[in-house]
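Down below is the structure, laid out as structure tokens.
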Amino acid sequence: MSKGLLLVVSAPSAGGKGTILKELLRTEDSLRMSVSATTRQPRPGEEHGKQYYFISREEFQTQAAQGMMLEYAEYVGNCYGTPRGPVDQWREEGLDVVLEIEVQGGAQVKKLAPDCVTVFITPPSMAVLEQRLRDRGTEDEAAIQNRLETALVELGHAQEYDYIVVNDRLEDAVEDMRAILRSEKRKYERNADFIRKVITHAETIR
């Protein structure tokens, strides 16, 4: 059984990565979404263990110190991290795993799992990003400006990612993600064992 892909997806806040990944998960049976832990407060409609594991800063720091996080970072005053156990288990079962994380965490994962595939999702413009932040209606003006400033910093890290997906039209962005998955699954290094088996079998029937 081939080891599953580890897909790292990052985007500025309100960049649309959650919407894109929700649609991708709906159609890709072998894909699993890693649930992150965070110290931020739940937004309306969010549930513990579904969108995030909502834990205290003290609990988060304890888990990170014990090596229970694949990656972790602080973003706009809150901590975010990826529990290691479920990710490793799914990949060993041949399932592909998506990490929806910030650029700091993405850099950590690249060091720990060099075989990961990294995708940066960007809005078509900063004006569109600002409008999306305002349309959410969940933050005050200071928080919006903070997120816009952070977004500019994050965009500077896009060059460190394997792929760029522009989230202008949702259907196109989702199809780009599917194309990335298909392409990665067909790379030689992910199919080397299969090729060797074909060659071995051919030699036995000569």
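Identifiers for the structure tokens are assigned positionally: chains receive A, B, ... in sequence, residues are indexed from 1 per chain, and ligands are indexed from 1 in the order shown.
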Polymer residues at most 12 Å from segment 24-35 of chain A, only C-alpha atoms, same-chain spacing of 3 or more positions, as a PyMOL selection string: chain A and resi 3-9+17-21+38+47-54+69-71+80-91+93-101+170-182+185
Filtered DSSP result for segment 85-171 of chain A, state alpha helix (DSSP H), as a ChimeraX atom specification: /A:85-92,103-112,126-136,141-155,170-171
Strand (DSSP E or B) positions in chain A, given as number ranges by chain: A: 6-10, 31-33, 36-38, 48, 52-54, 69-75, 78-83, 96-100, 117-122, 163-166
Shell around Asn146 of chain A at 12 Å using only C-alpha atoms, local window under 4 positions removed, as a ChimeraX atom specification: /A:12-13,75-77,130,133,139-142,150-153
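In terms of minimum interatomic distance to Cys116 of chain A, A:Arg190 ranks closest within A:Arg190, A:Lys22, A:Arg196, A:His157, counting only C-alpha atoms.
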Nearby residues (only C-alpha atoms) at most 10 Å from Gln41 of chain A, same-chain spacing under 5 positions excluded, as a VMD selection string: chain A and resid 46 54 to 56 78
So that I have them on file, write out the residues from the current selection with all heavy atoms, as an mmCIF file, in the first residue's frame.
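See part-v5.cif below for the written result:
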```
data_model
loop_
_atom_site.group_PDB
_atom_site.id
_atom_site.type_symbol
_atom_site.label_atom_id
_atom_site.label_comp_id
_atom_site.auth_asym_id
_atom_site.auth_seq_id
_atom_site.Cartn_x
_atom_site.Cartn_y
_atom_site.Cartn_z
ATOM 1 N N GLU A 46 -19.358 27.099 15.144
ATOM 2 C CA GLU A 46 -18.218 26.171 15.228
ATOM 3 C C GLU A 46 -18.369 25.247 16.432
ATOM 4 O O GLU A 46 -18.871 25.654 17.482
ATOM 5 C CB GLU A 46 -16.905 26.958 15.333
ATOM 6 C CG GLU A 46 -16.541 27.682 14.056
ATOM 7 C CD GLU A 46 -15.196 28.384 14.141
ATOM 8 O OE1 GLU A 46 -14.804 28.783 15.257
ATOM 9 O OE2 GLU A 46 -14.538 28.544 13.096
ATOM 10 N N PHE A 54 -10.819 23.330 20.457
ATOM 11 C CA PHE A 54 -10.649 24.592 21.158
ATOM 12 C C PHE A 54 -10.121 24.298 22.569
ATOM 13 O O PHE A 54 -10.828 23.736 23.407
ATOM 14 C CB PHE A 54 -11.985 25.342 21.224
ATOM 15 C CG PHE A 54 -12.500 25.743 19.867
ATOM 16 C CD1 PHE A 54 -13.490 24.976 19.235
ATOM 17 C CD2 PHE A 54 -12.005 26.860 19.222
ATOM 18 C CE1 PHE A 54 -13.966 25.341 17.981
ATOM 19 C CE2 PHE A 54 -12.478 27.223 17.968
ATOM 20 C CZ PHE A 54 -13.454 26.467 17.344
ATOM 21 N N ILE A 55 -8.872 24.666 22.800
ATOM 22 C CA ILE A 55 -8.229 24.354 24.078
ATOM 23 C C ILE A 55 -7.581 25.618 24.648
ATOM 24 O O ILE A 55 -7.405 26.611 23.949
ATOM 25 C CB ILE A 55 -7.167 23.236 23.927
ATOM 26 C CG1 ILE A 55 -6.052 23.668 22.961
ATOM 27 C CG2 ILE A 55 -7.825 21.940 23.431
ATOM 28 C CD1 ILE A 55 -4.948 22.622 22.806
ATOM 29 N N SER A 56 -7.215 25.554 25.929
ATOM 30 C CA SER A 56 -6.581 26.696 26.580
ATOM 31 C C SER A 56 -5.131 26.828 26.121
ATOM 32 O O SER A 56 -4.534 25.878 25.595
ATOM 33 C CB SER A 56 -6.618 26.512 28.101
ATOM 34 O OG SER A 56 -5.755 25.430 28.473
ATOM 35 N N ASN A 78 -3.303 34.220 18.632
ATOM 36 C CA ASN A 78 -3.792 32.904 19.041
ATOM 37 C C ASN A 78 -2.855 31.805 18.540
ATOM 38 O O ASN A 78 -2.173 31.973 17.531
ATOM 39 C CB ASN A 78 -5.199 32.651 18.492
ATOM 40 C CG ASN A 78 -6.231 33.573 19.113
ATOM 41 O OD1 ASN A 78 -6.447 33.563 20.309
ATOM 42 N ND2 ASN A 78 -6.854 34.393 18.292
#
```
Nearest to Ser36 of chain A by atom-to-atom distance, counting only C-alpha atoms, from A:Glu160, A:Glu184, A:Glu58, A:Glu102: A:Glu102
